[in-house]
$ cat final-v7.tsv   # TSV, C-alpha atoms and all ligand atoms
chain	number	residue	atom	x	y	z
A	14	MET	CA	21.86	-0.99	29.00
A	15	LEU	CA	22.12	1.94	26.64
A	16	LYS	CA	25.66	2.06	25.32
A	17	ILE	CA	26.97	5.50	24.55
A	18	GLN	CA	30.46	5.73	23.10
A	19	ASN	CA	32.58	8.45	24.73
A	20	ILE	CA	29.89	9.23	27.25
A	21	ASP	CA	32.24	11.76	28.95
A	22	LYS	CA	31.67	14.05	25.99
A	23	LEU	CA	28.09	14.36	27.17
A	24	SER	CA	29.05	15.97	30.46
A	25	GLY	CA	29.06	19.49	29.06
A	26	ILE	CA	25.67	19.16	27.38
A	27	ASP	CA	22.60	20.58	29.11
A	28	THR	CA	20.00	18.02	30.04
A	29	PRO	CA	17.48	16.92	29.06
A	30	PHE	CA	18.42	16.07	25.49
A	31	TYR	CA	17.54	13.45	22.90
A	32	TYR	CA	20.34	11.06	22.10
A	33	TYR	CA	20.17	9.28	18.73
A	34	ASP	CA	22.15	6.14	17.96
A	35	MET	CA	22.82	6.74	14.26
A	36	ASP	CA	24.43	3.29	13.80
A	37	LEU	CA	21.25	1.59	14.95
A	38	LEU	CA	19.16	3.81	12.67
A	39	GLN	CA	21.45	2.93	9.77
A	40	GLU	CA	21.20	-0.78	10.56
A	41	THR	CA	17.40	-0.56	10.72
A	42	VAL	CA	17.03	1.34	7.46
A	43	SER	CA	19.51	-0.95	5.66
A	44	ARG	CA	17.46	-3.96	6.77
A	45	ILE	CA	14.29	-2.35	5.37
A	46	ARG	CA	16.04	-1.62	2.11
A	47	ALA	CA	17.20	-5.23	1.78
A	48	LEU	CA	13.70	-6.56	2.52
A	49	SER	CA	12.16	-4.05	0.10
A	50	GLU	CA	14.38	-5.32	-2.66
A	51	LYS	CA	13.78	-8.97	-1.80
A	52	HIS	CA	9.97	-8.67	-1.74
A	53	GLY	CA	9.40	-5.82	-4.20
A	54	ILE	CA	7.57	-3.81	-1.53
A	55	LYS	CA	8.27	-0.06	-1.29
A	56	ALA	CA	8.63	1.61	2.11
A	57	HIS	CA	7.67	5.21	2.83
A	58	TYR	CA	8.81	6.50	6.21
A	59	ALA	CA	5.98	8.19	8.15
A	60	ILE	CA	7.88	11.32	9.06
A	61	LYS	CA	5.45	12.39	11.75
A	62	ALA	CA	7.23	9.89	14.04
A	63	ASN	CA	10.41	11.98	13.94
A	64	SER	CA	11.11	14.77	11.47
A	65	ASP	CA	14.65	15.62	12.63
A	66	PRO	CA	16.57	16.67	9.49
A	67	ARG	CA	19.58	14.43	10.17
A	68	ILE	CA	17.33	11.43	10.65
A	69	LEU	CA	15.39	12.28	7.49
A	70	ARG	CA	18.58	12.64	5.47
A	71	LEU	CA	19.85	9.23	6.56
A	72	ILE	CA	16.52	7.61	5.65
A	73	SER	CA	16.15	9.39	2.30
A	74	ALA	CA	19.73	8.45	1.36
A	75	GLU	CA	18.70	4.77	1.62
A	76	GLY	CA	16.03	5.32	-1.02
A	77	LEU	CA	12.90	5.19	1.16
A	78	GLY	CA	9.98	7.46	0.35
A	79	ALA	CA	8.20	9.77	2.80
A	80	ASP	CA	4.65	9.61	4.12
A	81	CYS	CA	3.52	13.04	5.30
A	82	VAL	CA	0.45	14.28	7.15
A	83	SER	CA	0.82	18.05	6.71
A	84	GLY	CA	2.06	20.48	4.08
A	85	TYR	CA	4.89	21.38	6.45
A	86	GLU	CA	6.00	17.76	6.51
A	87	VAL	CA	5.82	17.65	2.71
A	88	GLN	CA	8.15	20.66	2.56
A	89	ARG	CA	10.50	19.21	5.17
A	90	ALA	CA	10.67	15.90	3.31
A	91	ALA	CA	11.51	17.65	0.03
A	92	GLU	CA	14.23	19.70	1.80
A	93	CYS	CA	15.75	16.59	3.35
A	94	GLY	CA	16.45	14.63	0.20
A	95	PHE	CA	13.26	12.71	-0.56
A	96	ALA	CA	12.46	12.73	-4.26
A	97	PRO	CA	9.14	14.58	-4.77
A	98	SER	CA	7.73	11.57	-6.61
A	99	GLU	CA	8.40	9.47	-3.49
A	100	ILE	CA	6.46	11.80	-1.17
A	101	ILE	CA	2.88	10.96	-0.31
A	102	PHE	CA	0.49	13.20	1.57
A	103	ALA	CA	-2.21	11.80	3.85
A	104	GLY	CA	-4.45	13.45	6.43
A	105	VAL	CA	-8.14	14.18	6.93
A	106	GLY	CA	-7.94	17.98	6.85
A	107	LYS	CA	-5.67	19.10	4.02
A	108	THR	CA	-6.06	22.84	3.47
A	109	ASP	CA	-6.07	24.51	0.05
A	110	SER	CA	-2.63	25.98	0.65
A	111	GLU	CA	-1.22	22.59	1.65
A	112	ILE	CA	-2.70	21.07	-1.51
A	113	ILE	CA	-1.26	23.85	-3.69
A	114	THR	CA	2.21	23.57	-2.10
A	115	SER	CA	2.19	19.82	-2.66
A	116	LEU	CA	1.15	20.20	-6.31
A	117	GLU	CA	3.95	22.73	-6.80
A	118	ILE	CA	6.50	20.38	-5.24
A	119	GLY	CA	5.16	17.62	-7.49
A	120	ILE	CA	4.48	14.95	-4.89
A	121	GLY	CA	3.84	11.34	-5.88
A	122	CYS	CA	0.36	11.00	-4.42
A	123	PHE	CA	-2.37	12.53	-2.28
A	124	ASN	CA	-4.00	9.94	-0.06
A	125	VAL	CA	-7.53	11.28	-0.09
A	126	GLU	CA	-9.66	10.69	2.99
A	127	SER	CA	-13.12	11.95	1.95
A	128	LEU	CA	-15.31	12.78	-1.05
A	129	PRO	CA	-15.25	16.56	-0.36
A	130	GLU	CA	-11.45	16.40	-0.39
A	131	LEU	CA	-11.52	14.63	-3.76
A	132	GLU	CA	-13.68	17.45	-5.15
A	133	VAL	CA	-11.39	20.17	-3.78
A	134	ILE	CA	-8.19	18.57	-5.10
A	135	SER	CA	-9.84	18.14	-8.51
A	136	SER	CA	-10.94	21.77	-8.71
A	137	ILE	CA	-7.56	23.11	-7.55
A	138	ALA	CA	-5.80	20.91	-10.14
A	139	GLU	CA	-8.22	22.12	-12.82
A	140	LYS	CA	-7.55	25.80	-12.02
A	141	ARG	CA	-3.83	25.22	-12.18
A	142	GLY	CA	-4.03	23.13	-15.35
A	143	VAL	CA	-2.38	20.09	-13.79
A	144	LYS	CA	-3.38	16.54	-13.02
A	145	ALA	CA	-3.27	15.53	-9.34
A	146	PRO	CA	-2.11	12.02	-8.46
A	147	VAL	CA	-4.57	10.57	-5.95
A	148	ALA	CA	-5.16	7.39	-4.01
A	149	LEU	CA	-8.17	6.71	-1.83
A	150	ARG	CA	-7.61	6.06	1.83
A	151	ILE	CA	-10.02	3.31	2.66
A	152	ASN	CA	-11.48	2.60	6.02
A	153	PRO	CA	-11.39	-1.22	5.97
A	154	ASN	CA	-13.82	-1.49	8.89
A	155	ILE	CA	-11.87	-4.27	10.52
A	156	ASP	CA	-13.57	-5.33	13.72
A	157	ALA	CA	-11.90	-3.79	16.77
A	158	HIS	CA	-12.73	-6.88	18.80
A	159	THR	CA	-10.36	-8.84	16.62
A	160	HIS	CA	-7.46	-6.95	18.05
A	161	LYS	CA	-7.13	-4.14	20.54
A	162	TYR	CA	-4.50	-2.29	18.50
A	163	ILE	CA	-6.72	-1.87	15.47
A	164	THR	CA	-8.03	1.54	16.29
A	165	THR	CA	-8.01	3.63	13.14
A	166	GLY	CA	-9.62	1.13	10.76
A	167	LEU	CA	-13.18	1.26	12.06
A	168	GLU	CA	-16.13	2.91	10.40
A	169	GLU	CA	-16.99	5.19	13.32
A	170	ASN	CA	-13.49	6.61	13.04
A	171	LYS	CA	-12.69	9.89	11.24
A	172	PHE	CA	-10.15	8.35	8.88
A	173	GLY	CA	-10.73	7.24	5.32
A	174	ILE	CA	-13.55	6.46	2.92
A	175	SER	CA	-16.06	3.82	3.97
A	176	GLU	CA	-17.73	1.11	1.95
A	177	PHE	CA	-21.04	2.95	1.45
A	178	GLU	CA	-19.11	5.68	-0.44
A	179	PHE	CA	-17.04	3.44	-2.73
A	180	GLN	CA	-19.34	3.70	-5.76
A	181	LYS	CA	-19.61	7.49	-5.47
A	182	ALA	CA	-15.83	7.82	-5.25
A	183	VAL	CA	-15.33	5.62	-8.31
A	184	ASP	CA	-17.94	7.58	-10.30
A	185	PHE	CA	-16.21	10.84	-9.39
A	186	LEU	CA	-12.78	9.50	-10.39
A	187	LYS	CA	-14.14	8.28	-13.73
A	188	SER	CA	-15.80	11.59	-14.51
A	189	HIS	CA	-12.72	13.64	-13.50
A	190	ALA	CA	-9.98	11.72	-15.31
A	191	GLU	CA	-8.74	15.05	-16.76
A	192	THR	CA	-7.80	16.39	-13.34
A	193	LEU	CA	-7.26	13.28	-11.21
A	194	ASP	CA	-4.71	10.57	-11.93
A	195	PHE	CA	-6.00	7.63	-9.91
A	196	LYS	CA	-3.18	5.55	-8.43
A	197	GLY	CA	-4.81	3.13	-6.05
A	198	LEU	CA	-5.82	2.44	-2.48
A	199	GLN	CA	-4.25	3.15	0.86
A	200	PHE	CA	-4.97	1.66	4.28
A	201	HIS	CA	-3.66	2.16	7.80
A	202	ILE	CA	-5.26	0.19	10.58
A	203	GLY	CA	-3.52	1.23	13.78
A	204	SER	CA	-0.26	1.57	15.62
A	205	GLN	CA	2.11	-0.34	17.92
A	206	ILE	CA	0.96	-3.66	16.46
A	207	THR	CA	3.01	-6.42	18.07
A	208	ASP	CA	0.98	-9.46	17.01
A	209	VAL	CA	2.53	-8.85	13.61
A	210	GLU	CA	1.68	-11.97	11.65
A	211	ASN	CA	-1.97	-12.26	12.76
A	212	VAL	CA	-2.90	-8.61	12.44
A	213	PHE	CA	-1.21	-7.96	9.10
A	214	LYS	CA	-2.54	-11.24	7.70
A	215	LEU	CA	-6.03	-10.03	8.60
A	216	GLU	CA	-5.34	-6.67	6.95
A	217	CYS	CA	-3.95	-8.33	3.79
A	218	GLU	CA	-7.03	-10.53	3.44
A	219	ARG	CA	-9.41	-7.59	3.85
A	220	VAL	CA	-7.36	-5.43	1.47
A	221	SER	CA	-7.29	-8.15	-1.18
A	222	GLU	CA	-11.12	-8.22	-1.10
A	223	ILE	CA	-11.44	-4.43	-1.29
A	224	VAL	CA	-9.00	-4.17	-4.19
A	225	ALA	CA	-11.08	-6.76	-6.07
A	226	THR	CA	-14.27	-4.81	-5.28
A	227	PHE	CA	-12.80	-1.63	-6.79
A	228	GLU	CA	-11.51	-3.36	-9.90
A	229	ALA	CA	-14.94	-4.89	-10.41
A	230	MET	CA	-16.27	-1.31	-10.53
A	231	GLY	CA	-14.00	-0.66	-13.51
A	232	VAL	CA	-10.94	1.17	-12.13
A	233	THR	CA	-7.36	-0.08	-12.15
A	234	ILE	CA	-5.55	-0.27	-8.83
A	235	LYS	CA	-1.87	0.33	-9.54
A	236	ASN	CA	-0.72	0.94	-5.97
A	237	ILE	CA	-1.74	-0.91	-2.82
A	238	ASP	CA	-0.51	0.82	0.33
A	239	LEU	CA	-0.93	-1.05	3.60
A	240	GLY	CA	0.09	1.83	5.89
A	241	GLY	CA	2.23	1.66	9.02
A	242	GLY	CA	1.69	0.29	12.49
A	243	LEU	CA	4.55	-2.15	13.09
A	244	GLY	CA	5.19	-2.19	16.85
A	245	ILE	CA	8.38	-2.22	18.89
A	246	ASP	CA	9.39	-3.74	22.24
A	247	TYR	CA	9.21	-0.87	24.74
A	248	GLU	CA	9.86	-3.21	27.66
A	249	HIS	CA	13.10	-4.68	26.33
A	250	PRO	CA	14.78	-1.97	24.26
A	251	ASP	CA	18.06	-3.91	24.11
A	252	GLU	CA	16.54	-7.10	22.69
A	253	GLY	CA	15.47	-7.02	19.07
A	254	LYS	CA	16.67	-3.48	18.54
A	255	VAL	CA	15.64	-3.68	14.89
A	256	ALA	CA	11.86	-4.13	14.82
A	257	ASP	CA	10.41	-7.25	13.25
A	258	PHE	CA	10.40	-6.05	9.65
A	259	ASP	CA	11.21	-9.60	8.51
A	260	THR	CA	7.81	-10.86	9.70
A	261	LEU	CA	6.01	-7.78	8.37
A	262	PHE	CA	7.43	-8.10	4.84
A	263	GLY	CA	7.10	-11.90	4.90
A	264	THR	CA	3.44	-11.74	5.96
A	265	ILE	CA	2.56	-9.25	3.24
A	266	ALA	CA	4.40	-11.27	0.59
A	267	LYS	CA	2.50	-14.37	1.69
A	268	TYR	CA	-1.04	-13.08	2.19
A	269	LEU	CA	-1.63	-10.06	-0.05
A	270	GLN	CA	-3.10	-11.07	-3.38
A	271	HIS	CA	-1.81	-8.82	-6.11
A	272	ARG	CA	-0.64	-8.83	-9.70
A	273	PRO	CA	2.97	-8.14	-10.73
A	274	ASP	CA	1.91	-4.78	-12.18
A	275	GLN	CA	0.58	-3.64	-8.81
A	276	GLN	CA	3.13	-1.91	-6.57
A	277	VAL	CA	2.78	-2.67	-2.85
A	278	HIS	CA	3.74	0.00	-0.31
A	279	ILE	CA	4.10	0.22	3.47
A	280	GLU	CA	4.44	3.31	5.70
A	281	PRO	CA	6.27	2.45	8.92
A	282	GLY	CA	7.02	5.30	11.32
A	283	ARG	CA	7.59	4.21	14.90
A	284	ALA	CA	9.37	0.96	14.02
A	285	ILE	CA	12.10	2.81	12.10
A	286	VAL	CA	13.06	5.43	14.67
A	287	ALA	CA	11.79	4.51	18.16
A	288	GLN	CA	14.69	2.38	19.40
A	289	CYS	CA	17.44	4.65	18.14
A	290	GLY	CA	16.35	7.50	20.42
A	291	SER	CA	16.64	7.98	24.19
A	292	LEU	CA	15.72	10.99	26.27
A	293	ILE	CA	18.67	11.65	28.57
A	294	SER	CA	17.88	13.42	31.80
A	295	ARG	CA	19.56	14.26	35.09
A	296	VAL	CA	18.33	13.45	38.58
A	297	VAL	CA	17.51	16.78	40.23
A	298	PHE	CA	16.45	15.41	43.61
A	299	VAL	CA	15.87	12.10	45.34
A	300	LYS	CA	12.93	12.72	47.62
A	301	ASP	CA	12.21	10.12	50.27
A	302	GLY	CA	8.56	10.03	51.30
A	303	GLN	CA	7.04	8.01	54.11
A	304	LYS	CA	5.66	5.39	51.76
A	305	LYS	CA	7.87	5.70	48.71
A	306	SER	CA	10.84	7.45	47.18
A	307	PHE	CA	10.62	9.81	44.26
A	308	LEU	CA	13.27	10.28	41.64
A	309	ILE	CA	12.72	13.76	40.30
A	310	LEU	CA	14.20	14.25	36.82
A	311	ASP	CA	14.83	17.39	34.78
A	312	ALA	CA	12.93	15.88	31.83
A	313	GLY	CA	9.18	16.34	31.82
A	314	MET	CA	6.02	15.63	29.90
A	315	ASN	CA	6.72	18.63	27.69
A	316	ASP	CA	9.79	16.77	26.35
A	317	LEU	CA	8.07	13.40	25.84
A	318	ILE	CA	4.33	13.28	26.32
A	319	ARG	CA	3.57	9.61	25.65
A	320	PRO	CA	3.39	8.48	29.31
A	321	ALA	CA	1.16	11.41	30.32
A	322	LEU	CA	-0.96	11.21	27.17
A	323	TYR	CA	-1.57	7.50	26.84
A	324	ASP	CA	-0.02	5.88	29.87
A	325	ALA	CA	2.75	4.62	27.63
A	326	TYR	CA	5.57	2.61	29.14
A	327	HIS	CA	9.21	3.58	28.59
A	328	PHE	CA	12.09	1.61	30.09
A	329	ILE	CA	14.15	3.78	32.44
A	330	GLU	CA	17.74	3.19	33.56
A	331	ASN	CA	20.49	4.98	35.41
A	332	ILE	CA	23.44	5.26	33.01
A	333	SER	CA	25.85	7.06	35.39
A	334	SER	CA	26.10	4.36	38.04
A	335	PRO	CA	24.28	1.34	36.64
A	336	ASP	CA	26.03	-1.34	38.68
A	337	GLY	CA	25.14	-0.48	42.25
A	338	PRO	CA	22.37	-2.06	44.34
A	339	SER	CA	18.88	-1.42	43.03
A	340	ALA	CA	16.11	0.64	44.56
A	341	VAL	CA	12.44	1.30	43.80
A	342	TYR	CA	11.25	4.77	42.85
A	343	ASP	CA	8.36	6.66	41.45
A	344	VAL	CA	10.18	8.43	38.63
A	345	VAL	CA	8.64	11.84	37.93
A	346	GLY	CA	9.23	15.03	35.97
A	347	PRO	CA	9.32	18.65	37.13
A	348	VAL	CA	6.19	19.89	35.34
A	349	CYS	CA	3.26	21.12	37.42
A	350	GLU	CA	0.82	18.37	36.40
A	351	SER	CA	0.20	15.20	38.36
A	352	SER	CA	0.33	13.24	35.10
A	353	ASP	CA	4.00	14.20	34.70
A	354	VAL	CA	5.13	10.73	35.79
A	355	TRP	CA	7.71	8.60	33.96
A	356	GLY	CA	6.93	5.43	35.84
A	357	GLU	CA	5.62	4.25	39.20
A	358	GLN	CA	7.45	1.79	41.42
A	359	ARG	CA	10.30	1.30	38.99
A	360	GLU	CA	13.34	-0.67	39.98
A	361	LEU	CA	16.62	0.84	38.87
A	362	ALA	CA	20.14	1.29	40.19
A	363	GLU	CA	20.25	3.36	43.33
A	364	SER	CA	20.37	6.93	42.11
A	365	HIS	CA	21.77	10.21	43.34
A	366	ARG	CA	21.40	13.85	42.54
A	367	GLY	CA	23.27	14.57	39.30
A	368	ASP	CA	23.11	11.04	37.84
A	369	LEU	CA	22.17	10.66	34.20
A	370	VAL	CA	19.05	8.63	33.47
A	371	ALA	CA	18.00	7.30	30.06
A	372	ILE	CA	14.33	7.08	29.10
A	373	ARG	CA	14.50	4.54	26.31
A	374	SER	CA	12.67	3.97	23.00
A	375	ALA	CA	11.98	7.69	22.70
A	376	GLY	CA	12.92	8.18	19.06
A	377	ALA	CA	9.32	8.03	17.81
A	378	TYR	CA	6.57	10.45	18.83
A	379	GLY	CA	9.01	12.07	21.28
A	380	ALA	CA	10.71	15.25	20.08
A	381	VAL	CA	7.97	15.82	17.49
A	382	MET	CA	5.30	16.09	20.18
A	383	ALA	CA	7.33	18.29	22.55
A	384	SER	CA	6.01	21.64	23.76
A	385	ASN	CA	7.18	24.72	25.64
A	386	TYR	CA	4.79	24.13	28.54
A	387	ASN	CA	6.01	25.85	31.73
A	388	LEU	CA	8.24	27.86	29.38
A	389	ARG	CA	10.63	24.95	29.31
A	390	PRO	CA	12.85	25.02	26.20
A	391	PHE	CA	12.87	22.23	23.60
A	392	ALA	CA	15.38	19.46	24.35
A	393	LYS	CA	18.32	19.48	21.93
A	394	SER	CA	19.37	16.52	19.80
A	395	VAL	CA	22.73	14.79	20.18
A	396	TYR	CA	23.81	12.25	17.55
A	397	SER	CA	26.08	9.32	18.35
A	398	ASP	CA	28.42	10.09	15.45
A	399	GLU	CA	29.15	13.54	16.90
A	400	LEU	CA	30.65	11.93	20.00
A	401	LYS	CA	33.09	9.69	18.12
A	501	LIG	C1	0.85	7.54	11.70
A	501	LIG	C2	0.73	6.95	10.37
A	501	LIG	C3	1.65	6.00	9.93
A	501	LIG	C4	2.78	5.48	10.79
A	501	LIG	O1	2.32	4.76	11.89
A	501	LIG	P1	3.34	3.99	12.84
A	501	LIG	O2	2.46	3.34	13.83
A	501	LIG	O3	4.25	5.00	13.44
A	501	LIG	O4	4.08	3.01	11.99
A	501	LIG	C5	1.53	5.52	8.64
A	501	LIG	N1	0.54	5.95	7.82
A	501	LIG	C6	-0.37	6.85	8.21
A	501	LIG	C7	-1.43	7.27	7.27
A	501	LIG	C8	-0.32	7.38	9.49
A	501	LIG	O5	-1.22	8.27	9.88
$ encode --input "final-v7.tsv" --output "structure tokens"
Amino acid sequence: MLKIQNIDKLSGIDTPFYYYDMDLLQETVSRIRALSEKHGIKAHYAIKANSDPRILRLISAEGLGADCVSGYEVQRAAECGFAPSEIIFAGVGKTDSEIITSLEIGIGCFNVESLPELEVISSIAEKRGVKAPVALRINPNIDAHTHKYITTGLEENKFGISEFEFQKAVDFLKSHAETLDFKGLQFHIGSQITDVENVFKLECERVSEIVATFEAMGVTIKNIDLGGGLGIDYEHPDEGKVADFDTLFGTIAKYLQHRPDQQVHIEPGRAIVAQCGSLISRVVFVKDGQKKSFLILDAGMNDLIRPALYDAYHFIENISSPDGPSAVYDVVGPVCESSDVWGEQRELAESHRGDLVAIRSAGAYGAVMASNYNLRPFAKSVYSDELK
């Protein structure tokens, strides 16, 4: 069960709110730091998973870099303690103003996703008399049939530069060495990958081949970035609270072929922050139907959209009276959409109006995707260390 120290201090706080276990976040980030040092692999936190300033400050203080997908995220990362040189900027639709802002901040690298983007960054850098650090995001075209979670690494997908464009990209980089400082290659094959060893082994093998292909075309690959995607256990949030970074780092160290002068990077998002966050909600009504009972919460899809958007599973528990007999409910939110459902036929402790319920593993892609739909306000954040 979710353990909240001094839970009575929560009684005055309006629900729903996000609760962040800062000790668990610290433990997770410390583990990454130790593995980074052991294997010589740098980690950049994908801040789109959760861009809460307190969370960012804790992560930046441990020396991780930031992986951003908008100019706003680049600015936020710089404000929250990430060294500009440790900020990388990915994304398929970078606007001129986002590119200019990032050049002014002095970020470490643009991960470029298309040839037109390469041309635009080069011409903006030329006008400003600077050299832009760039890496190419490569679409590795790994077969989706190999694994259902590999969803962004296929050629029909909008992300990255595909094999038929490699030569053109290399020619452009060679002819624009005055404006573009070529750093290397970046990959990102998908998300919520739980078959860690098999999937990342496959990625490492493919990446090793592609790196060799580029070097054979006469460019030096200094950085190899394998992206994010490490999954977490949504069904058992209290087991293995720290995601399996040991296997991720170990697999990369074992299967990625690279020279000592090539720096390897990863960009985990979800796996760093998901388990430290819970959405805490109150039972508004228990509604007994003829066929089933509904638990109606004051948290809705506007607070956490993953279940409505992709049928995602989140573990749900009653944290006010966890020890009573159990009952089965359809747990739903208050929003006027039939997809505003937290879970159907869920077994949890018998619940009453006013009880607090925790929707677990909500630290990633939760608060950042919230909206004001139905004019509902944004849920506040509560941090465990404020309750001590
Ligand atoms: C979203 C994203 C990540 C992080 O993915 P997770 O599944 O949260 O680890 C990393 N890199 C890029 C380029 C991304 O778009």
$ closest_atom_pairs --input "final-v7.tsv" --of "chain A" --to "ligand LIG 501 (chain A)" --cutoff "9 Å" --atoms "only C-alpha atoms and all ligand atoms" --output "CSV"
residue,atom,partner,partner_atom,distance
A:His57,CA,A:LIG501,C5,8.5
A:Tyr58,CA,A:LIG501,C4,7.6
A:Ala59,CA,A:LIG501,C4,5.0
A:Ile60,CA,A:LIG501,C4,7.9
A:Lys61,CA,A:LIG501,C1,6.7
A:Ala62,CA,A:LIG501,O3,5.8
A:Asp80,CA,A:LIG501,N1,6.6
A:Cys81,CA,A:LIG501,C7,7.9
A:Val82,CA,A:LIG501,O5,6.8
A:Phe102,CA,A:LIG501,C7,8.4
A:Ala103,CA,A:LIG501,C7,5.7
A:Gly104,CA,A:LIG501,C7,6.9
A:Asn124,CA,A:LIG501,C7,8.2
A:Arg150,CA,A:LIG501,C7,8.3
A:Thr165,CA,A:LIG501,O5,8.8
A:Phe172,CA,A:LIG501,C7,8.9
A:Gln199,CA,A:LIG501,C7,8.1
A:Phe200,CA,A:LIG501,C7,7.3
A:His201,CA,A:LIG501,C7,5.6
A:Ile202,CA,A:LIG501,C6,8.6
A:Gly203,CA,A:LIG501,O2,6.3
A:Ser204,CA,A:LIG501,O2,3.7
A:Gln205,CA,A:LIG501,O2,5.5
A:Ile206,CA,A:LIG501,O2,7.6
A:Leu239,CA,A:LIG501,N1,8.3
A:Gly240,CA,A:LIG501,N1,4.6
A:Gly241,CA,A:LIG501,O4,3.8
A:Gly242,CA,A:LIG501,O2,3.4
A:Leu243,CA,A:LIG501,O4,5.3
A:Gly244,CA,A:LIG501,O2,6.9
A:Ile279,CA,A:LIG501,C5,7.8
A:Glu280,CA,A:LIG501,C5,4.7
A:Pro281,CA,A:LIG501,O4,3.8
A:Gly282,CA,A:LIG501,O3,3.5
A:Arg283,CA,A:LIG501,O3,3.7
A:Ala284,CA,A:LIG501,O4,6.0
A:Ile285,CA,A:LIG501,O4,8.0
A:Val286,CA,A:LIG501,O3,8.9
A:Ala287,CA,A:LIG501,O3,8.9
A:Ala377,CA,A:LIG501,O3,7.3
A:Tyr378,CA,A:LIG501,O3,8.0
$ residues_around --input "final-v7.tsv" --residues "Glu50 in chain A" --least-positions-apart "3" --cutoff "12 Å" --atoms "all atoms listed in the file" --output "MDAnalysis selection string"
chainID A and resid 43:47 53:56 75:77 262 277
$ atom_distance --input "final-v7.tsv" --atom1 "CA of Tyr247 in chain A" --atom2 "CA of Val209 in chain A"
15.2 Å
$ closest_residue --input "final-v7.tsv" --among "A:Val87, A:Val299, A:Val143, A:Ile120" --to "His365 in chain A" --atoms "only C-alpha atoms"
A:Val299
$ residues_around --input "final-v7.tsv" --residues "Asp194 in chain A" --least-positions-apart "4" --cutoff "9 Å" --atoms "all atoms listed in the file" --output "MDAnalysis selection string"
chainID A and resid 144:148 186 189:190
$ residues_around --input "final-v7.tsv" --residues "Asp109 in chain A" --least-positions-apart "2" --cutoff "9 Å" --atoms "all atoms listed in the file" --output "MDAnalysis selection string"
chainID A and resid 107 111:114 133:134 137
$ closest_residue --input "final-v7.tsv" --among "A:Ser384, A:Val297, A:Ala138, A:Ile101" --to "Glu117 in chain A" --atoms "only C-alpha atoms"
A:Ala138
$ atom_distance --input "final-v7.tsv" --atom1 "CA of Tyr31 in chain A" --atom2 "CA of Gln358 in chain A"
24.1 Å
$ closest_residue --input "final-v7.tsv" --among "A:His327, A:Lys140, A:Arg366, A:Lys235" --to "Arg295 in chain A" --atoms "only C-alpha atoms"
A:Arg366
$ residues_around --input "final-v7.tsv" --residues "Ala340 in chain A" --least-positions-apart "6" --cutoff "12 Å" --atoms "all atoms listed in the file" --output "list in words"
Val299, Asp301, Lys305, Ser306, Phe307, Leu308, Glu330, Asn331, Gln358, Arg359, Glu360, Leu361, Ala362, Glu363, Ser364 and His365 of chain A
$ residues_around --input "final-v7.tsv" --residues "Met230 in chain A" --least-positions-apart "2" --cutoff "10 Å" --atoms "only C-alpha atoms" --output "PyMOL selection string"
chain A and resi 179-180+183-184+225-228+232-233
$ closest_residue --input "final-v7.tsv" --among "A:Met382, A:Ile151, A:Ala96, A:Leu193" --to "Asn315 in chain A" --atoms "all atoms listed in the file"
A:Met382
